[in-house]
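The data block below is model_28.cif; it holds mmCIF, C-alpha atoms and all ligand atoms.
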```cif
data_work
#
loop_
_atom_site.group_PDB
_atom_site.id
_atom_site.type_symbol
_atom_site.label_atom_id
_atom_site.label_comp_id
_atom_site.auth_asym_id
_atom_site.auth_seq_id
_atom_site.Cartn_x
_atom_site.Cartn_y
_atom_site.Cartn_z
ATOM 1 C CA MET A 1 -10.661 -19.761 16.396
ATOM 2 C CA ALA A 2 -12.316 -22.956 15.172
ATOM 3 C CA ASN A 3 -15.516 -21.397 13.911
ATOM 4 C CA ALA A 4 -14.308 -18.156 12.351
ATOM 5 C CA PRO A 5 -16.448 -17.471 9.271
ATOM 6 C CA LYS A 6 -15.014 -17.411 5.773
ATOM 7 C CA LEU A 7 -14.516 -13.721 5.096
ATOM 8 C CA LEU A 8 -14.635 -11.997 1.706
ATOM 9 C CA VAL A 9 -13.692 -8.359 1.149
ATOM 10 C CA VAL A 10 -15.286 -6.457 -1.748
ATOM 11 C CA THR A 11 -14.058 -2.911 -2.254
ATOM 12 C CA ASP A 12 -14.415 0.196 -4.329
ATOM 13 C CA LEU A 13 -11.155 1.807 -5.465
ATOM 14 C CA ASP A 14 -11.209 5.583 -6.044
ATOM 15 C CA GLY A 15 -11.636 7.406 -2.726
ATOM 16 C CA THR A 16 -11.898 4.094 -0.867
ATOM 17 C CA LEU A 17 -8.823 1.862 -1.193
ATOM 18 C CA LEU A 18 -7.087 4.570 -3.257
ATOM 19 C CA ASP A 19 -6.617 8.104 -1.966
ATOM 20 C CA HIS A 20 -9.082 10.511 -3.582
ATOM 21 C CA HIS A 21 -6.340 12.953 -4.619
ATOM 22 C CA THR A 22 -3.154 10.911 -5.068
ATOM 23 C CA TYR A 23 -4.511 7.390 -5.855
ATOM 24 C CA ALA A 24 -1.985 6.001 -3.336
ATOM 25 C CA PHE A 25 -2.903 3.002 -1.177
ATOM 26 C CA ASP A 26 0.154 2.858 1.128
ATOM 27 C CA ALA A 27 -1.935 3.616 4.218
ATOM 28 C CA ALA A 28 -3.913 0.387 3.590
ATOM 29 C CA ARG A 29 -0.884 -1.891 3.192
ATOM 30 C CA PRO A 30 -0.885 -3.199 6.804
ATOM 31 C CA ALA A 31 -4.526 -4.357 6.572
ATOM 32 C CA LEU A 32 -3.964 -5.748 3.052
ATOM 33 C CA ALA A 33 -1.028 -7.784 4.365
ATOM 34 C CA ARG A 34 -3.100 -9.066 7.282
ATOM 35 C CA LEU A 35 -5.908 -10.144 4.921
ATOM 36 C CA GLN A 36 -3.396 -11.903 2.715
ATOM 37 C CA ARG A 37 -1.917 -13.753 5.716
ATOM 38 C CA HIS A 38 -5.371 -15.155 6.442
ATOM 39 C CA GLY A 39 -6.095 -16.003 2.805
ATOM 40 C CA ILE A 40 -9.029 -13.575 2.701
ATOM 41 C CA PRO A 41 -9.682 -12.471 -0.907
ATOM 42 C CA VAL A 42 -9.969 -8.778 -1.750
ATOM 43 C CA VAL A 43 -12.250 -8.328 -4.765
ATOM 44 C CA LEU A 44 -12.007 -4.952 -6.503
ATOM 45 C CA ASN A 45 -15.430 -3.586 -7.536
ATOM 46 C CA THR A 46 -14.966 -0.407 -9.540
ATOM 47 C CA SER A 47 -16.212 1.838 -12.325
ATOM 48 C CA LYS A 48 -12.890 1.296 -14.088
ATOM 49 C CA THR A 49 -12.463 -0.820 -17.222
ATOM 50 C CA ALA A 50 -10.605 -4.142 -17.222
ATOM 51 C CA ALA A 51 -7.768 -2.436 -19.130
ATOM 52 C CA GLU A 52 -7.497 0.313 -16.499
ATOM 53 C CA LEU A 53 -7.516 -2.270 -13.709
ATOM 54 C CA ALA A 54 -4.722 -4.454 -15.092
ATOM 55 C CA PRO A 55 -1.789 -2.258 -13.927
ATOM 56 C CA LEU A 56 -3.483 -1.595 -10.575
ATOM 57 C CA ARG A 57 -4.064 -5.289 -9.894
ATOM 58 C CA ALA A 58 -0.381 -5.862 -10.645
ATOM 59 C CA GLU A 59 0.650 -3.074 -8.265
ATOM 60 C CA LEU A 60 -1.641 -4.433 -5.555
ATOM 61 C CA GLU A 61 -0.412 -7.981 -6.304
ATOM 62 C CA ASN A 62 -4.080 -8.928 -6.386
ATOM 63 C CA PRO A 63 -4.803 -12.216 -8.221
ATOM 64 C CA HIS A 64 -8.492 -12.390 -7.215
ATOM 65 C CA PRO A 65 -11.662 -12.017 -9.297
ATOM 66 C CA PHE A 66 -12.698 -8.417 -10.001
ATOM 67 C CA VAL A 67 -15.710 -6.389 -11.094
ATOM 68 C CA VAL A 68 -15.525 -3.754 -13.836
ATOM 69 C CA GLU A 69 -17.542 -0.800 -15.112
ATOM 70 C CA ASN A 70 -19.862 -0.338 -12.119
ATOM 71 C CA GLY A 71 -20.960 -3.933 -11.746
ATOM 72 C CA ALA A 72 -21.367 -4.666 -15.452
ATOM 73 C CA ALA A 73 -19.248 -7.844 -15.345
ATOM 74 C CA VAL A 74 -17.252 -10.079 -13.020
ATOM 75 C CA LEU A 75 -13.937 -11.422 -14.351
ATOM 76 C CA TRP A 76 -11.976 -14.256 -12.789
ATOM 77 C CA PRO A 77 -8.950 -16.394 -13.578
ATOM 78 C CA GLU A 78 -9.777 -19.540 -15.558
ATOM 79 C CA GLY A 79 -10.589 -22.421 -13.228
ATOM 80 C CA HIS A 80 -10.963 -20.226 -10.143
ATOM 81 C CA PHE A 81 -14.663 -20.933 -9.618
ATOM 82 C CA PRO A 82 -16.542 -24.156 -10.216
ATOM 83 C CA LEU A 83 -18.990 -23.349 -13.005
ATOM 84 C CA HIS A 84 -22.351 -22.990 -11.361
ATOM 85 C CA GLN A 85 -23.978 -20.090 -13.162
ATOM 86 C CA SER A 86 -26.547 -20.344 -15.838
ATOM 87 C CA GLY A 87 -26.417 -17.811 -18.625
ATOM 88 C CA PRO A 88 -23.586 -16.798 -20.875
ATOM 89 C CA VAL A 89 -20.030 -16.875 -19.603
ATOM 90 C CA GLY A 90 -17.535 -15.177 -21.895
ATOM 91 C CA ALA A 91 -13.839 -14.473 -21.946
ATOM 92 C CA MET A 92 -11.986 -11.166 -21.739
ATOM 93 C CA MET A 93 -8.324 -10.227 -21.297
ATOM 94 C CA GLY A 94 -7.327 -13.788 -20.402
ATOM 95 C CA HIS A 95 -10.119 -14.158 -17.828
ATOM 96 C CA ARG A 96 -13.516 -15.799 -17.658
ATOM 97 C CA MET A 97 -16.300 -13.255 -17.600
ATOM 98 C CA GLN A 98 -19.888 -13.081 -16.392
ATOM 99 C CA PRO A 99 -21.639 -10.043 -17.881
ATOM 100 C CA PHE A 100 -24.760 -8.614 -16.209
ATOM 101 C CA GLY A 101 -25.660 -5.513 -18.168
ATOM 102 C CA ALA A 102 -25.891 -4.333 -21.756
ATOM 103 C CA THR A 103 -22.838 -4.442 -23.994
ATOM 104 C CA ARG A 104 -21.310 -1.179 -25.147
ATOM 105 C CA GLN A 105 -22.344 -1.996 -28.713
ATOM 106 C CA GLU A 106 -25.984 -2.225 -27.586
ATOM 107 C CA ILE A 107 -25.594 1.041 -25.666
ATOM 108 C CA LEU A 108 -24.110 2.839 -28.699
ATOM 109 C CA GLU A 109 -26.988 1.606 -30.896
ATOM 110 C CA VAL A 110 -29.489 3.001 -28.378
ATOM 111 C CA LEU A 111 -27.620 6.320 -28.234
ATOM 112 C CA ALA A 112 -27.819 6.652 -32.013
ATOM 113 C CA GLN A 113 -31.613 6.323 -31.731
ATOM 114 C CA VAL A 114 -31.748 8.665 -28.722
ATOM 115 C CA ARG A 115 -29.905 11.353 -30.715
ATOM 116 C CA THR A 116 -32.632 11.182 -33.355
ATOM 117 C CA GLU A 117 -35.501 10.984 -30.866
ATOM 118 C CA THR A 118 -34.381 13.880 -28.650
ATOM 119 C CA GLY A 119 -32.314 16.114 -30.940
ATOM 120 C CA LEU A 120 -29.664 16.252 -28.200
ATOM 121 C CA ALA A 121 -26.107 16.746 -29.453
ATOM 122 C CA LEU A 122 -24.478 13.896 -27.561
ATOM 123 C CA GLN A 123 -20.719 13.508 -27.538
ATOM 124 C CA GLY A 124 -18.944 10.628 -25.854
ATOM 125 C CA PHE A 125 -15.901 8.405 -25.721
ATOM 126 C CA ALA A 126 -16.979 6.536 -28.868
ATOM 127 C CA ASP A 127 -16.683 9.774 -30.862
ATOM 128 C CA TRP A 128 -13.128 10.432 -29.708
ATOM 129 C CA ASP A 129 -9.607 9.184 -30.285
ATOM 130 C CA VAL A 130 -6.942 9.030 -27.559
ATOM 131 C CA ALA A 131 -5.710 12.608 -28.194
ATOM 132 C CA THR A 132 -9.229 14.054 -27.877
ATOM 133 C CA LEU A 133 -9.861 12.155 -24.641
ATOM 134 C CA VAL A 134 -6.541 13.421 -23.271
ATOM 135 C CA ALA A 135 -7.661 16.976 -24.100
ATOM 136 C CA HIS A 136 -11.028 16.466 -22.351
ATOM 137 C CA THR A 137 -9.800 14.695 -19.217
ATOM 138 C CA GLY A 138 -6.133 15.476 -18.616
ATOM 139 C CA LEU A 139 -5.397 11.731 -18.469
ATOM 140 C CA ASP A 140 -2.036 10.596 -19.779
ATOM 141 C CA LYS A 141 -2.021 8.764 -23.121
ATOM 142 C CA THR A 142 -1.789 5.250 -21.680
ATOM 143 C CA SER A 143 -4.594 5.838 -19.179
ATOM 144 C CA ALA A 144 -6.741 7.433 -21.872
ATOM 145 C CA ALA A 145 -6.294 4.411 -24.143
ATOM 146 C CA GLN A 146 -7.248 2.121 -21.237
ATOM 147 C CA ALA A 147 -10.307 4.247 -20.445
ATOM 148 C CA LEU A 148 -11.412 4.053 -24.089
ATOM 149 C CA ALA A 149 -11.307 0.240 -23.944
ATOM 150 C CA ARG A 150 -14.827 0.010 -22.542
ATOM 151 C CA CYS A 151 -17.165 -2.933 -22.991
ATOM 152 C CA PHE A 152 -20.309 -2.128 -20.979
ATOM 153 C CA SER A 153 -20.768 1.610 -20.614
ATOM 154 C CA GLU A 154 -20.483 4.876 -22.532
ATOM 155 C CA PRO A 155 -19.459 8.153 -20.847
ATOM 156 C CA LEU A 156 -20.928 11.266 -22.448
ATOM 157 C CA LEU A 157 -19.440 14.713 -21.952
ATOM 158 C CA TRP A 158 -22.258 16.656 -20.322
ATOM 159 C CA ARG A 159 -22.691 20.402 -20.773
ATOM 160 C CA GLY A 160 -26.484 20.509 -21.012
ATOM 161 C CA SER A 161 -29.186 21.823 -18.675
ATOM 162 C CA ASP A 162 -31.013 19.823 -16.004
ATOM 163 C CA THR A 163 -34.079 19.760 -18.271
ATOM 164 C CA GLU A 164 -32.018 18.234 -21.066
ATOM 165 C CA LEU A 165 -30.540 15.732 -18.631
ATOM 166 C CA ALA A 166 -34.053 14.663 -17.591
ATOM 167 C CA LEU A 167 -34.951 14.306 -21.288
ATOM 168 C CA LEU A 168 -31.895 12.110 -21.858
ATOM 169 C CA GLU A 169 -32.672 10.059 -18.768
ATOM 170 C CA ARG A 170 -36.233 9.341 -19.905
ATOM 171 C CA ALA A 171 -35.038 8.460 -23.403
ATOM 172 C CA VAL A 172 -32.395 5.945 -22.296
ATOM 173 C CA ARG A 173 -34.791 4.454 -19.737
ATOM 174 C CA ARG A 174 -37.325 3.768 -22.496
ATOM 175 C CA HIS A 175 -34.596 1.640 -24.093
ATOM 176 C CA GLY A 176 -33.897 -0.260 -20.860
ATOM 177 C CA LEU A 177 -30.695 1.599 -19.960
ATOM 178 C CA ARG A 178 -29.889 4.064 -17.187
ATOM 179 C CA LEU A 179 -27.713 7.081 -16.435
ATOM 180 C CA LEU A 180 -25.070 7.437 -13.764
ATOM 181 C CA LYS A 181 -23.966 11.004 -13.161
ATOM 182 C CA GLY A 182 -20.291 11.450 -12.334
ATOM 183 C CA GLY A 183 -18.678 14.869 -12.537
ATOM 184 C CA ARG A 184 -18.350 16.161 -16.103
ATOM 185 C CA PHE A 185 -19.498 12.901 -17.595
ATOM 186 C CA VAL A 186 -22.763 11.025 -17.504
ATOM 187 C CA HIS A 187 -22.362 7.289 -17.921
ATOM 188 C CA VAL A 188 -24.929 5.352 -19.910
ATOM 189 C CA ILE A 189 -25.038 1.792 -18.617
ATOM 190 C CA GLY A 190 -27.284 -1.271 -18.553
ATOM 191 C CA GLN A 191 -29.349 -2.552 -15.657
ATOM 192 C CA SER A 192 -26.411 -3.691 -13.561
ATOM 193 C CA ASP A 193 -24.901 -2.340 -10.358
ATOM 194 C CA LYS A 194 -22.142 -3.164 -7.895
ATOM 195 C CA GLY A 195 -24.655 -4.896 -5.598
ATOM 196 C CA GLN A 196 -25.783 -7.397 -8.196
ATOM 197 C CA ALA A 197 -22.126 -8.257 -8.793
ATOM 198 C CA LEU A 198 -21.662 -8.740 -5.033
ATOM 199 C CA ASP A 199 -24.604 -11.200 -4.957
ATOM 200 C CA TRP A 200 -22.997 -13.208 -7.769
ATOM 201 C CA LEU A 201 -19.641 -13.251 -5.936
ATOM 202 C CA ARG A 202 -21.305 -14.400 -2.722
ATOM 203 C CA GLN A 203 -22.794 -17.403 -4.547
ATOM 204 C CA ALA A 204 -19.585 -18.144 -6.436
ATOM 205 C CA TYR A 205 -17.499 -18.163 -3.241
ATOM 206 C CA ALA A 206 -20.174 -20.206 -1.453
ATOM 207 C CA SER A 207 -19.824 -22.956 -4.054
ATOM 208 C CA LEU A 208 -16.032 -22.642 -4.027
ATOM 209 C CA TRP A 209 -15.784 -22.847 -0.227
ATOM 210 C CA GLY A 210 -18.783 -25.022 0.571
ATOM 211 C CA GLU A 211 -20.034 -22.361 3.001
ATOM 212 C CA ASN A 212 -21.480 -18.912 2.764
ATOM 213 C CA PRO A 213 -18.936 -16.110 2.922
ATOM 214 C CA THR A 214 -19.308 -13.263 5.393
ATOM 215 C CA VAL A 215 -18.905 -10.194 3.205
ATOM 216 C CA ILE A 216 -17.134 -6.984 4.182
ATOM 217 C CA ALA A 217 -17.827 -4.251 1.595
ATOM 218 C CA LEU A 218 -16.134 -0.854 1.515
ATOM 219 C CA GLY A 219 -17.123 2.192 -0.519
ATOM 220 C CA ASP A 220 -17.322 5.978 -0.428
ATOM 221 C CA GLY A 221 -19.863 7.002 -3.067
ATOM 222 C CA ASP A 222 -23.472 6.789 -4.204
ATOM 223 C CA ASN A 223 -22.608 4.104 -6.744
ATOM 224 C CA ASP A 224 -21.415 1.916 -3.828
ATOM 225 C CA VAL A 225 -24.733 1.932 -1.972
ATOM 226 C CA ALA A 226 -26.185 -1.186 -3.669
ATOM 227 C CA MET A 227 -22.976 -3.069 -2.832
ATOM 228 C CA LEU A 228 -22.811 -1.814 0.767
ATOM 229 C CA GLU A 229 -26.440 -2.672 1.483
ATOM 230 C CA ARG A 230 -25.903 -6.309 0.469
ATOM 231 C CA ALA A 231 -22.847 -6.803 2.693
ATOM 232 C CA ASP A 232 -22.741 -8.346 6.158
ATOM 233 C CA HIS A 233 -20.364 -5.585 7.216
ATOM 234 C CA PRO A 234 -20.898 -2.408 5.153
ATOM 235 C CA VAL A 235 -18.063 0.068 5.678
ATOM 236 C CA VAL A 236 -18.634 3.610 4.441
ATOM 237 C CA VAL A 237 -15.200 5.112 3.896
ATOM 238 C CA ARG A 238 -15.167 8.807 4.640
ATOM 239 C CA SER A 239 -14.519 11.066 1.645
ATOM 240 C CA PRO A 240 -12.645 14.376 1.719
ATOM 241 C CA VAL A 241 -15.041 15.807 -0.893
ATOM 242 C CA ASN A 242 -18.471 14.125 -0.610
ATOM 243 C CA PRO A 243 -20.833 13.504 2.299
ATOM 244 C CA PRO A 244 -21.235 9.801 3.181
ATOM 245 C CA PRO A 245 -23.768 8.145 0.846
ATOM 246 C CA PRO A 246 -27.101 7.412 2.553
ATOM 247 C CA LEU A 247 -27.783 3.734 3.326
ATOM 248 C CA SER A 248 -31.237 2.223 3.810
ATOM 249 C CA ALA A 249 -32.605 2.031 7.356
ATOM 250 C CA ALA A 250 -32.368 -1.776 7.166
ATOM 251 C CA SER A 251 -28.632 -1.851 6.517
ATOM 252 C CA ARG A 252 -27.639 1.079 8.734
ATOM 253 C CA PRO A 253 -27.369 -0.925 11.999
ATOM 254 C CA ARG A 254 -24.715 -3.163 10.384
ATOM 255 C CA ALA A 255 -22.774 -0.275 8.861
ATOM 256 C CA THR A 256 -19.799 1.687 10.096
ATOM 257 C CA LEU A 257 -18.399 5.031 8.933
ATOM 258 C CA THR A 258 -14.629 5.405 9.090
ATOM 259 C CA GLU A 259 -13.092 8.323 10.933
ATOM 260 C CA ALA A 260 -10.194 8.740 8.523
ATOM 261 C CA CYS A 261 -10.621 9.212 4.760
ATOM 262 C CA GLY A 262 -9.662 6.832 1.955
ATOM 263 C CA PRO A 263 -7.001 4.144 2.484
ATOM 264 C CA GLU A 264 -6.330 5.229 6.060
ATOM 265 C CA GLY A 265 -9.973 4.677 6.964
ATOM 266 C CA TRP A 266 -9.948 1.422 4.952
ATOM 267 C CA ASN A 267 -6.983 0.198 6.976
ATOM 268 C CA GLN A 268 -8.588 1.011 10.330
ATOM 269 C CA ALA A 269 -11.944 -0.563 9.432
ATOM 270 C CA VAL A 270 -10.409 -3.830 8.181
ATOM 271 C CA HIS A 271 -8.153 -4.118 11.240
ATOM 272 C CA ARG A 272 -11.166 -3.594 13.506
ATOM 273 C CA LEU A 273 -13.189 -6.322 11.758
ATOM 274 C CA LEU A 274 -10.275 -8.798 11.820
ATOM 275 C CA ASP A 275 -9.876 -8.047 15.533
ATOM 276 C CA HIS A 276 -13.610 -8.703 15.950
ATOM 277 C CA TYR A 277 -13.165 -12.183 14.399
ATOM 278 C CA GLN A 278 -9.983 -12.725 16.411
ATOM 279 C CA LEU A 279 -7.901 -13.155 13.277
ATOM 280 C CA ALA A 280 -4.490 -11.957 14.378
HETATM 281 MG MG MG B 301 -15.278 5.760 -4.974
#
```
Any chance you could put this one into structure tokens?
Amino acid sequence: MANAPKLLVVTDLDGTLLDHHTYAFDAARPALARLQRHGIPVVLNTSKTAAELAPLRAELENPHPFVVENGAAVLWPEGHFPLHQSGPVGAMMGHRMQPFGATRQEILEVLAQVRTETGLALQGFADWDVATLVAHTGLDKTSAAQALARCFSEPLLWRGSDTELALLERAVRRHGLRLLKGGRFVHVIGQSDKGQALDWLRQAYASLWGENPTVIALGDGDNDVAMLERADHPVVVRSPVNPPPPLSAASRPRATLTEACGPEGWNQAVHRLLDHYQLA
């Protein structure tokens, strides 16, 4: 097809490309192979740290740019994009890096003040060594060390009341940060999200390709909404544990909800879109 658009896939990992329970992605292999055949990049956009992503990217044989810590930074291989961005571009784990949010150091300084201001007994990753994190999460030692290697966010163990959570939320907001609730931990992060990272990627690929990419985004959770709403083809991947996250009325007509959960749903949705563009 002469005029097929340049497609770009941006995807969440846990519960989306990776099975919610087993973290396997075998069910998505056929669609991944088809994307690879057509040279369509798959950009991982996750809450994970760069250190946590490294073994996964190797397993997925994914050499493409990636987004870490809930949209806090995009990393890409040196020379992959023509430099077109203003603002600071750093380096991290052998990659070029565009940060969007606050650094972890800035976040930890704010949390020290918030402790004083609110009297809340806050306990987070920065207070723990690997063994303590293992005890709190059940992660193995290697994964715990990778999870501790954070650059843009601080997870706090949360045992407080809703009133205390509201107090914490107001306090961090006064300092220009925000909270993301996720299970037993609340994450303190800067003003970045997965959608902002998607916008940056769209521009970066537009200058790389000389034409605007058509973006397929896939996610299963509330923290994926900003990313899904900015995509040309938002795909909500069904979750075995959560209801589908609500999208805005404006983006709903473009969106699809998969029938199957996790990687199986991912596989079906990508096949359907490639069929739509007649990319065999
Ligand atoms: Mg997810």
Next item on the list: Pick out the closest residue to A:Val43 from this set: A:Arg57, A:Arg29, A:Arg252, A:Arg238. Count all atoms listed in the file.
Entry: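 Result for the nearest residue to A:Val43: A:Arg57.
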Next item on the list: Kindly resolve the PyMOL selection byres (((chain A and resi 2-15) around 6) and not hetatm) on the present coordinates and return the residues as a ChimeraX atom specification.
Entry: /A:1,16-20,40-46,213-219,262
Checklist line | Nearby residues (all atoms listed in the file) at most 10 Å from A:Val186, same-chain spacing under 4 positions excluded, as a ChimeraX atom specification | finding: /A:124,154-159,165,178-182
Go ahead and find all residues with at least one atom no further than 7 Å from (-18.3, -13.6, -15.0) in the file's coordinates, using only C-alpha atoms; report them as a PDB file with C-alpha atoms, in the frame of the given file.
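Contents of the output file point.pdb:
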```pdb
ATOM      1  CA  ALA A  73     -19.248  -7.844 -15.345  1.00  0.00           C
ATOM      2  CA  VAL A  74     -17.252 -10.079 -13.020  1.00  0.00           C
ATOM      3  CA  LEU A  75     -13.937 -11.422 -14.351  1.00  0.00           C
ATOM      4  CA  TRP A  76     -11.976 -14.256 -12.789  1.00  0.00           C
ATOM      5  CA  VAL A  89     -20.030 -16.875 -19.603  1.00  0.00           C
ATOM      6  CA  ARG A  96     -13.516 -15.799 -17.658  1.00  0.00           C
ATOM      7  CA  MET A  97     -16.300 -13.255 -17.600  1.00  0.00           C
ATOM      8  CA  GLN A  98     -19.888 -13.081 -16.392  1.00  0.00           C
ATOM      9  CA  PRO A  99     -21.639 -10.043 -17.881  1.00  0.00           C
TER      10      PRO A  99
END
```
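The space between atom CA of A:Glu61 and atom CA of A:Ala226 spans 26.8 Å.
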Next item on the list: Give the answer as one residue: which of A:Ala50, A:Leu148, A:Leu56, A:Ala250 has the shortest atom-to-atom distance to A:Val68, using all atoms listed in the file?
Entry: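 That would be A:Ala50, the residue with the smallest distance to A:Val68.
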Margin query: Running the PyMOL selection byres (((chain A and resi 80) around 12) and not hetatm) on this model by hand, what would come out? Give it as a list of chain:residue names.
Written below: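 Output of the PyMOL selection byres (((chain A and resi 80) around 12) and not hetatm): A:Pro63, A:His64, A:Pro65, A:Phe66, A:Leu75, A:Trp76, A:Pro77, A:Glu78, A:Gly79, A:Phe81, A:Pro82, A:Leu83, A:His84, A:His95, A:Arg96, A:Met97, A:Leu201, A:Ala204, A:Tyr205, A:Ser207, A:Leu208, A:Trp209.
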Check: Using all atoms listed in the file, which of the listed residues (A:Ala149, A:Leu139, A:Leu32, A:Leu111) sits closest to A:Val270?
Finding: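 Among the listed residues, the smallest separation from A:Val270 belongs to A:Leu32.
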Note to self: Just the number, please: distance in Å from atom CA of A:Ala255 to atom CA of A:His233, one decimal.
What the structure shows: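 These two atoms are separated by 6.1 Å.
With the shown file loaded, the PyMOL selection byres (((chain A and resi 243) around 12) and not hetatm) picks out Asp220, Gly221, Asp222, Val236, Val237, Arg238, Ser239, Pro240, Val241, Asn242, Pro244, Pro245, Pro246, Leu257 and Cys261 of chain A.
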